[in-house]
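Structure data (compact mmCIF, C-alpha atoms) from query_2.txt:
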```
# COMPACT_ATOMS: atom_id res chain seq x y z
CA MET A 687 40.58 20.70 -59.08
CA GLU A 688 42.28 20.45 -55.75
CA THR A 689 44.70 17.56 -55.38
CA VAL A 690 45.73 16.15 -52.02
CA THR A 691 48.79 13.94 -51.82
CA TYR A 692 49.50 11.49 -49.04
CA GLU A 693 52.67 10.00 -47.72
CA PHE A 694 51.44 6.69 -46.37
CA ARG A 695 48.80 4.18 -47.31
CA PHE A 696 47.24 1.80 -44.79
CA GLU A 697 45.14 -1.19 -45.64
CA TYR A 698 42.18 -1.89 -43.41
CA PRO A 699 43.23 -4.65 -41.01
CA ARG A 700 40.78 -7.44 -40.40
CA ASN A 701 39.31 -7.93 -36.98
CA PRO A 702 38.67 -11.38 -35.46
CA GLU A 703 35.38 -11.63 -37.35
CA ASP A 704 37.41 -11.19 -40.52
CA ASN A 705 35.79 -7.89 -41.38
CA PRO A 706 38.03 -5.12 -42.65
CA PHE A 707 37.92 -1.95 -40.57
CA PRO A 708 39.70 1.40 -40.69
CA ILE A 709 41.90 0.70 -37.71
CA LEU A 710 45.15 2.44 -36.87
CA GLN A 711 47.40 0.48 -34.58
CA LEU A 712 49.01 2.80 -32.10
CA ARG A 713 51.23 2.63 -29.07
CA VAL A 714 49.78 4.63 -26.17
CA LEU A 715 52.42 5.99 -23.81
CA ASN A 716 52.53 8.01 -20.64
CA PRO A 717 54.92 10.86 -21.55
CA SER A 718 56.46 10.71 -18.09
CA ASP A 719 56.97 6.93 -18.23
CA PRO A 720 57.48 6.07 -21.90
CA LEU A 721 59.04 2.66 -21.27
CA ARG A 722 55.70 1.02 -20.52
CA GLY A 723 52.89 1.39 -23.00
CA ILE A 724 49.89 -0.36 -24.45
CA ASP A 725 49.48 -1.28 -28.11
CA VAL A 726 45.88 -0.81 -29.20
CA ASP A 727 43.68 -0.98 -32.27
CA ALA A 728 42.12 2.45 -32.61
CA TYR A 729 39.06 2.78 -34.85
CA LEU A 730 39.14 5.85 -37.07
CA ASP A 731 35.78 7.53 -36.62
CA SER A 732 35.14 10.77 -38.48
CA GLY A 733 31.76 10.97 -36.76
CA ALA A 734 33.33 11.34 -33.34
CA GLU A 735 34.13 14.87 -32.25
CA TYR A 736 36.72 13.65 -29.78
CA SER A 737 38.76 10.51 -29.28
CA LEU A 738 37.75 8.12 -26.53
CA PHE A 739 39.79 5.24 -25.22
CA ASN A 740 39.15 2.71 -22.50
CA GLY A 741 39.88 3.99 -19.01
CA TRP A 742 41.88 0.89 -18.15
CA ILE A 743 44.50 2.00 -20.65
CA ALA A 744 45.14 5.18 -18.69
CA LYS A 745 45.40 3.18 -15.47
CA SER A 746 47.81 0.73 -17.11
CA LEU A 747 50.02 3.65 -18.05
CA GLY A 748 50.20 4.73 -14.43
CA LEU A 749 47.85 7.68 -14.86
CA SER A 750 45.31 8.49 -12.18
CA LEU A 751 42.18 8.22 -14.29
CA LEU A 752 39.88 10.30 -12.09
CA GLU A 753 42.32 13.20 -11.90
CA GLY A 754 41.84 14.02 -15.57
CA VAL A 755 39.59 16.78 -16.84
CA PRO A 756 35.97 15.56 -16.98
CA ARG A 757 34.31 15.30 -20.38
CA LYS A 758 30.98 13.75 -21.36
CA TYR A 759 30.53 11.87 -24.61
CA GLY A 760 27.18 11.57 -26.34
CA PRO A 761 26.76 8.33 -28.30
CA ILE A 762 24.08 7.99 -30.97
CA ILE A 763 21.79 6.32 -28.44
CA GLY A 764 21.86 5.47 -24.79
CA GLU A 765 23.41 7.15 -21.82
CA VAL A 766 26.17 9.70 -21.89
CA ILE A 767 29.62 8.19 -21.41
CA GLU A 768 31.72 9.86 -18.77
CA GLY A 769 35.41 10.23 -19.34
CA ARG A 770 38.50 11.97 -18.09
CA VAL A 771 40.96 13.70 -20.37
CA HIS A 772 44.68 13.07 -20.06
CA GLN A 773 47.56 14.02 -22.27
CA VAL A 774 49.23 10.91 -23.65
CA ARG A 775 51.64 10.14 -26.42
CA LEU A 776 50.37 8.18 -29.41
CA SER A 777 53.23 6.59 -31.30
CA HIS A 778 53.46 4.93 -34.69
CA PRO A 779 56.63 3.65 -36.36
CA ASN A 780 55.97 5.59 -39.58
CA LEU A 781 53.91 8.55 -38.46
CA GLY A 782 56.08 9.57 -35.53
CA TYR A 783 54.33 10.52 -32.35
CA PHE A 784 51.56 12.80 -31.22
CA ASP A 785 51.23 14.35 -27.79
CA ILE A 786 47.49 14.71 -27.61
CA ASP A 787 44.65 15.00 -25.11
CA ILE A 788 42.67 11.78 -25.11
CA GLY A 789 39.48 11.05 -23.21
CA PHE A 790 39.42 7.85 -21.19
CA SER A 791 36.11 6.30 -20.28
CA LEU A 792 35.21 5.63 -16.68
CA GLY A 793 33.40 2.48 -17.74
CA GLN A 794 34.49 -0.15 -20.19
CA ILE A 795 33.88 0.42 -23.90
CA ARG A 796 34.26 -2.15 -26.68
CA ARG A 797 36.34 -0.09 -29.05
CA ASP A 798 38.88 2.69 -28.74
CA ILE A 799 37.93 5.58 -31.01
CA LEU A 800 40.12 8.14 -32.76
CA GLY A 801 37.96 11.13 -33.55
CA ARG A 802 38.28 14.46 -35.26
CA ASP A 803 40.70 15.78 -32.65
CA PHE A 804 43.20 13.26 -33.98
CA PHE A 805 42.20 13.92 -37.58
CA ASN A 806 43.09 17.55 -36.89
CA GLN A 807 46.70 16.49 -36.32
CA VAL A 808 47.14 14.76 -39.68
CA GLN A 809 45.95 14.81 -43.27
CA ILE A 810 43.75 11.75 -43.69
CA GLY A 811 41.69 10.37 -46.53
CA PHE A 812 39.67 7.20 -47.10
CA ARG A 813 39.15 5.00 -50.15
CA GLU A 814 36.51 2.64 -48.83
CA LYS A 815 36.22 0.78 -52.12
CA GLN A 816 39.91 -0.11 -51.92
CA LEU A 817 39.70 -0.76 -48.16
CA SER A 818 42.53 1.68 -47.68
CA TYR A 819 43.14 4.98 -46.01
CA TYR A 820 45.91 7.49 -46.41
CA ILE A 821 47.76 9.66 -43.95
CA THR A 822 50.31 12.38 -44.12
CA PRO A 823 51.54 13.20 -40.62
CA THR A 824 51.02 16.93 -41.00
CA PRO A 825 47.61 18.60 -40.89
CA MET B 77 54.01 20.17 -38.84
CA ASN B 78 52.77 21.48 -35.55
CA GLY B 79 54.63 21.77 -32.30
CA LEU B 80 52.99 18.77 -30.70
CA GLN B 81 54.14 16.27 -33.22
CA ARG B 82 57.56 14.93 -34.04
CA ALA B 83 58.07 13.57 -37.50
CA ILE B 84 60.09 10.44 -38.09
CA GLU B 85 63.71 11.18 -38.80
CA GLU B 86 64.21 12.68 -42.23
CA PRO B 87 66.72 10.07 -43.52
CA LYS B 88 64.33 7.26 -42.49
CA ARG B 89 61.40 8.96 -44.22
CA GLU B 90 63.45 9.37 -47.39
CA GLU B 91 64.51 5.72 -47.20
CA LEU B 92 60.86 4.65 -46.89
CA LEU B 93 59.81 6.76 -49.83
CA TRP B 94 62.62 5.54 -52.03
CA SER B 95 62.10 1.90 -51.14
CA HIS B 96 58.46 2.26 -52.12
CA ARG B 97 59.32 3.99 -55.36
CA PHE B 98 61.56 1.14 -56.33
CA SER B 99 58.99 -1.48 -55.41
CA THR B 100 56.33 0.41 -57.31
CA VAL B 101 58.55 0.56 -60.37
CA GLY B 102 58.90 -3.20 -60.07
CA SER B 103 55.18 -3.79 -59.98
CA VAL B 104 54.65 -1.49 -62.93
CA GLY B 105 57.16 -3.56 -64.85
CA ILE B 106 55.16 -6.70 -64.14
CA VAL B 107 51.97 -4.98 -65.13
CA ALA B 108 53.49 -3.81 -68.36
CA LEU B 109 54.65 -7.33 -69.23
CA SER B 110 51.40 -9.02 -68.35
CA GLY B 111 49.19 -6.35 -69.76
CA LEU B 112 47.05 -6.48 -66.60
CA THR B 113 46.25 -3.90 -64.00
CA PRO B 114 46.06 -5.64 -60.62
CA SER B 115 42.91 -4.73 -58.72
CA TYR B 116 44.72 -4.59 -55.39
CA ASN B 117 46.98 -1.80 -56.54
CA SER B 118 44.83 1.26 -56.55
CA PHE B 119 47.71 3.32 -57.88
CA ALA B 120 48.48 1.07 -60.80
CA PRO B 121 48.64 3.10 -63.99
CA THR B 122 45.61 3.03 -66.21
CA VAL B 123 45.83 2.29 -69.91
CA SER B 124 45.75 5.98 -70.75
CA GLU B 125 48.67 6.56 -68.40
CA PHE B 126 50.70 3.94 -70.26
CA ALA B 127 50.05 5.99 -73.35
CA SER B 128 51.67 8.96 -71.64
CA PRO B 129 55.02 8.20 -69.99
CA LEU B 130 55.02 11.57 -68.29
CA LEU B 131 51.69 10.85 -66.62
CA ALA B 132 52.91 7.45 -65.48
CA ILE B 133 56.04 8.94 -63.93
CA SER B 134 53.95 11.55 -62.21
CA SER B 135 51.78 8.76 -60.71
CA LEU B 136 54.84 6.96 -59.39
CA ARG B 137 56.03 10.03 -57.60
CA ARG B 138 52.71 10.41 -55.84
CA ALA B 139 52.28 6.80 -54.74
CA PRO B 140 52.29 6.69 -50.94
CA ALA B 141 54.26 4.04 -49.10
CA VAL B 142 52.17 1.16 -47.79
CA VAL B 143 52.86 0.81 -44.10
CA VAL B 144 52.01 -1.44 -41.21
CA GLY B 145 52.12 -0.72 -37.53
CA TYR B 146 54.02 -2.20 -34.65
CA ARG B 147 51.96 -5.38 -34.70
CA SER B 148 51.76 -6.66 -38.24
CA ARG B 149 52.67 -10.19 -37.14
CA GLU B 150 49.87 -10.23 -34.59
CA ILE B 151 47.37 -8.79 -37.07
CA GLU B 152 48.21 -11.55 -39.51
CA TRP B 153 47.81 -14.17 -36.80
CA ARG B 154 44.42 -12.74 -35.85
CA ARG B 155 43.34 -12.80 -39.48
CA THR B 156 44.31 -16.44 -39.93
CA HIS B 157 43.09 -17.66 -36.55
CA ALA B 158 39.72 -15.99 -36.27
CA ASP B 159 38.05 -19.27 -35.34
CA ASP B 160 40.60 -20.01 -32.62
CA LEU B 161 40.01 -16.58 -31.13
CA GLN B 162 36.32 -17.27 -30.67
CA ALA B 163 37.30 -19.43 -27.70
CA PHE B 164 38.12 -16.09 -26.04
CA ALA B 165 34.94 -14.27 -27.06
CA ASN B 166 34.00 -11.42 -24.71
CA GLU B 167 37.46 -11.45 -23.20
CA TRP B 168 40.54 -9.30 -23.48
CA VAL B 169 43.55 -10.97 -25.03
CA ALA B 170 47.27 -10.11 -24.94
CA LEU B 171 48.95 -11.42 -28.06
CA GLU B 172 52.71 -11.44 -28.52
CA GLY B 173 53.81 -12.66 -31.90
CA GLU B 174 51.75 -15.79 -32.42
CA GLN B 175 51.26 -16.57 -28.76
CA ILE B 176 48.41 -15.59 -26.48
CA VAL B 177 50.23 -14.63 -23.31
CA ALA B 178 47.21 -13.64 -21.21
CA HIS B 179 43.45 -13.39 -21.46
CA GLY B 180 40.44 -12.74 -19.29
CA PRO B 181 37.48 -10.45 -18.62
CA ASP B 182 39.54 -7.85 -16.74
CA PRO B 183 41.92 -5.96 -19.06
CA MET B 184 43.98 -4.64 -16.15
CA GLU B 185 44.72 -8.19 -15.06
CA VAL B 186 45.56 -9.16 -18.62
CA VAL B 187 48.03 -6.27 -18.84
CA ALA B 188 49.56 -7.17 -15.47
CA GLU B 189 49.98 -10.79 -16.46
CA ALA B 190 51.58 -9.87 -19.79
CA ARG B 191 54.00 -7.52 -18.06
CA ALA B 192 54.80 -10.17 -15.48
CA ARG B 193 55.84 -12.31 -18.43
CA GLY B 194 58.34 -9.67 -19.48
CA ILE B 195 56.30 -7.69 -22.01
CA PRO B 196 56.44 -4.00 -21.02
CA THR B 197 54.15 -2.88 -23.85
CA PRO B 198 51.59 -5.59 -24.54
CA TYR B 199 49.19 -5.64 -27.45
CA ILE B 200 45.70 -5.95 -25.98
CA PHE B 201 42.42 -6.33 -27.81
CA TYR B 202 38.85 -7.33 -27.08
CA VAL B 203 37.42 -10.37 -28.83
CA GLU B 204 33.88 -9.62 -29.81
CA SER B 205 31.58 -12.59 -30.15
CA LEU B 206 30.58 -13.55 -33.66
CA ASP B 207 27.11 -12.40 -34.49
CA GLU B 208 26.61 -11.82 -38.18
CA SER B 209 23.27 -10.15 -37.56
CA ILE B 210 24.98 -7.22 -35.81
CA VAL B 211 26.94 -4.56 -37.65
CA LYS B 212 29.36 -2.26 -35.92
CA MET B 213 29.17 1.44 -35.22
CA GLY B 214 31.67 3.68 -33.50
CA LEU B 215 29.93 4.29 -30.18
```
Translate the structure described by the file into structure tokens.
Amino acid sequence: METVTYEFRFEYPRNPEDNPFPILQLRVLNPSDPLRGIDVDAYLDSGAEYSLFNGWIAKSLGLSLLEGVPRKYGPIIGEVIEGRVHQVRLSHPNLGYFDIDIGFSLGQIRRDILGRDFFNQVQIGFREKQLSYYITPTP
Amino acid sequence: MNGLQRAIEEPKREELLWSHRFSTVGSVGIVALSGLTPSYNSFAPTVSEFASPLLAISSLRRAPAVVVGYRSREIEWRRTHADDLQAFANEWVALEGEQIVAHGPDPMEVVAEARARGIPTPYIFYVESLDESIVKMGL
């Protein structure tokens, strides 16, 4: 039997509706201007191939949203979501930081999503019954 | 560890791990005295592990540290003030500690207002309206 060990355990935070969700709170930073950032609740979504954050976050970091590399995101229904990819720094007090390409939506989305591109940077596991997830900050 | 990611400093990591080990040992002591296994502690030793000290020690070594992010105070406030937040349904809110410093339908304006109040990295989230008939999906 293969055993995976994890360094950190996170409990699902509760959103305003008091429902627990696998959310990772992260600080999003512009690597060239790391003094100003945005703290966000990012939803861990293993069904998403790539991460997608709100475009206003990129603008708030001083990035020129439209100058990023175009990428289209296919939701389970409805129209394709257009985004632009920028490299940003995702920081967490325990996990360290990740310089990673994140897509930013041109329109507004309700939730910021961390997809499998982020999962590829860490070792992550879920225990839904315990409303907990586990991360080791190495893949 | 890959090249894109910087781990937290090694002494800090060790300190975190040790502090958790000690706290875990404390909780095990309580469990042993009470004869109960608390349901919230998914790593609490089972009865069979009590029968084998070596197994119990091995469990302690594997227990990951429970961590919170930058905004644990805000998360707790959101959890305990879910009803209050419904006054801001369908808006973006900047929360600093236990104070709402800005809110509105335009997240860029909310960020600007929070920064104008001296918060370089505000915590921003969207308040979804309560509708128990709707469940959430990623995108």
May I have the protein, DNA and RNA residues with an atom at most 10 Å from (44.4, 19.0, -37.7), counting all atoms listed in the file in the file's coordinates, returned as a PDB file with C-alpha atoms, keeping the file's coordinate frame?
```
ATOM      1  CA  ARG A 802      38.280  14.460 -35.260  1.00  0.00           C
ATOM      2  CA  ASP A 803      40.700  15.780 -32.650  1.00  0.00           C
ATOM      3  CA  PHE A 804      43.200  13.260 -33.980  1.00  0.00           C
ATOM      4  CA  PHE A 805      42.200  13.920 -37.580  1.00  0.00           C
ATOM      5  CA  ASN A 806      43.090  17.550 -36.890  1.00  0.00           C
ATOM      6  CA  GLN A 807      46.700  16.490 -36.320  1.00  0.00           C
ATOM      7  CA  VAL A 808      47.140  14.760 -39.680  1.00  0.00           C
ATOM      8  CA  GLN A 809      45.950  14.810 -43.270  1.00  0.00           C
ATOM      9  CA  ILE A 810      43.750  11.750 -43.690  1.00  0.00           C
ATOM     10  CA  PRO A 823      51.540  13.200 -40.620  1.00  0.00           C
ATOM     11  CA  THR A 824      51.020  16.930 -41.000  1.00  0.00           C
ATOM     12  CA  PRO A 825      47.610  18.600 -40.890  1.00  0.00           C
TER      13      PRO A 825
ATOM     14  CA  MET B  77      54.010  20.170 -38.840  1.00  0.00           C
ATOM     15  CA  ASN B  78      52.770  21.480 -35.550  1.00  0.00           C
TER      16      ASN B  78
END
```
Inset, instruction - Name the residues, using the chain letters and numbers of the file, that sit within 10 Å of (54.9, -3.4, -18.6) when counting all atoms listed in the file, and give them as a list in words. - result: Leu721, Arg722, Gly723, Ile724, Ser746 and Leu747 of chain A; Val187, Ala188, Glu189, Ala190, Arg191, Ala192, Arg193, Gly194, Ile195, Pro196, Thr197 and Pro198 of chain B
Legend entry - Non-local contacts of Val144 (chain B) (10 Å; only C-alpha atoms; under 5 positions in same chain excluded) as a list of chain:residue names: A:Phe694, A:Arg695, A:Phe696, A:Glu697, A:Pro699, A:Leu710, A:Gln711, A:His778, A:Pro779, A:Asn780, B:Arg149, B:Ile151
Emit the selected residues as a PDB file, in the coordinates of the input, including C-alpha atoms.
```pdb
ATOM      1  CA  PHE A 694      51.440   6.690 -46.370  1.00  0.00           C
ATOM      2  CA  ARG A 695      48.800   4.180 -47.310  1.00  0.00           C
ATOM      3  CA  PHE A 696      47.240   1.800 -44.790  1.00  0.00           C
ATOM      4  CA  GLU A 697      45.140  -1.190 -45.640  1.00  0.00           C
ATOM      5  CA  PRO A 699      43.230  -4.650 -41.010  1.00  0.00           C
ATOM      6  CA  LEU A 710      45.150   2.440 -36.870  1.00  0.00           C
ATOM      7  CA  GLN A 711      47.400   0.480 -34.580  1.00  0.00           C
ATOM      8  CA  HIS A 778      53.460   4.930 -34.690  1.00  0.00           C
ATOM      9  CA  PRO A 779      56.630   3.650 -36.360  1.00  0.00           C
ATOM     10  CA  ASN A 780      55.970   5.590 -39.580  1.00  0.00           C
TER      11      ASN A 780
ATOM     12  CA  ARG B 149      52.670 -10.190 -37.140  1.00  0.00           C
ATOM     13  CA  ILE B 151      47.370  -8.790 -37.070  1.00  0.00           C
TER      14      ILE B 151
END
```
Inset, instruction - Please measure the separation of CA of Ala139 (chain B) and CA of Thr822 (chain A), giving the value in Å to one decimal. - result: 12.2 Å
Legend entry - Counting all atoms listed in the file, the residue of A:Asn716, A:Ser791, A:Thr691, A:Asn740 that sits nearest chain B: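 Selected residue with least distance to chain B: A:Thr691.
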Legend entry - Point-to-point distance from CA of Ile795 (chain A) to CA of Phe201 (chain B), Å rounded to tenths: 11.6 Å
Inset, instruction - Find the distance between CA of Arg797 (chain A) and CA of Arg775 (chain A) and write it in Å to one decimal. - result: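 Separation of CA of Arg797 (chain A) and CA of Arg775 (chain A): 18.6 Å.
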Legend entry - Residues near Gly180 (chain B), cut-off 8 Å, only C-alpha atoms, skip fewer than 6 positions along chain, as a list in words: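 Once the nearby chain positions are removed, what remains is Phe164, Glu167, Trp168, Val169 and Val186 of chain B.
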Legend entry - Selected residue of minimal separation from chain A among B:Ala170, B:Asp182, B:Tyr199, B:Ile176, counting only C-alpha atoms: B:Tyr199
Legend entry - Non-local contacts of Asp731 (chain A) (9 Å; only C-alpha atoms; under 5 positions in same chain excluded) as a list in words: Pro708, Ser737, Ile799, Leu800, Gly801 and Arg802 of chain A; Gly214 of chain B
Prev. selection, C-alpha atoms, output as an mmCIF file, keeping the file's coordinate frame:
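Produced file part_6.cif, reproduced below:
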```cif
data_model
loop_
_atom_site.group_PDB
_atom_site.id
_atom_site.type_symbol
_atom_site.label_atom_id
_atom_site.label_comp_id
_atom_site.auth_asym_id
_atom_site.auth_seq_id
_atom_site.Cartn_x
_atom_site.Cartn_y
_atom_site.Cartn_z
ATOM 1 C CA PRO A 708 39.700 1.400 -40.690
ATOM 2 C CA SER A 737 38.760 10.510 -29.280
ATOM 3 C CA ILE A 799 37.930 5.580 -31.010
ATOM 4 C CA LEU A 800 40.120 8.140 -32.760
ATOM 5 C CA GLY A 801 37.960 11.130 -33.550
ATOM 6 C CA ARG A 802 38.280 14.460 -35.260
ATOM 7 C CA GLY B 214 31.670 3.680 -33.500
#
```
Residue neighbourhood Lys745 (chain A), 8 Å, all atoms listed in the file, exclusion window fewer than 5 positions, as a CSV table (one decimal) with C-alpha atoms, keeping the file's coordinate frame:
```
chain,number,residue,atom,x,y,z
A,750,SER,CA,45.3,8.5,-12.2
A,751,LEU,CA,42.2,8.2,-14.3
B,184,MET,CA,44.0,-4.6,-16.2
```
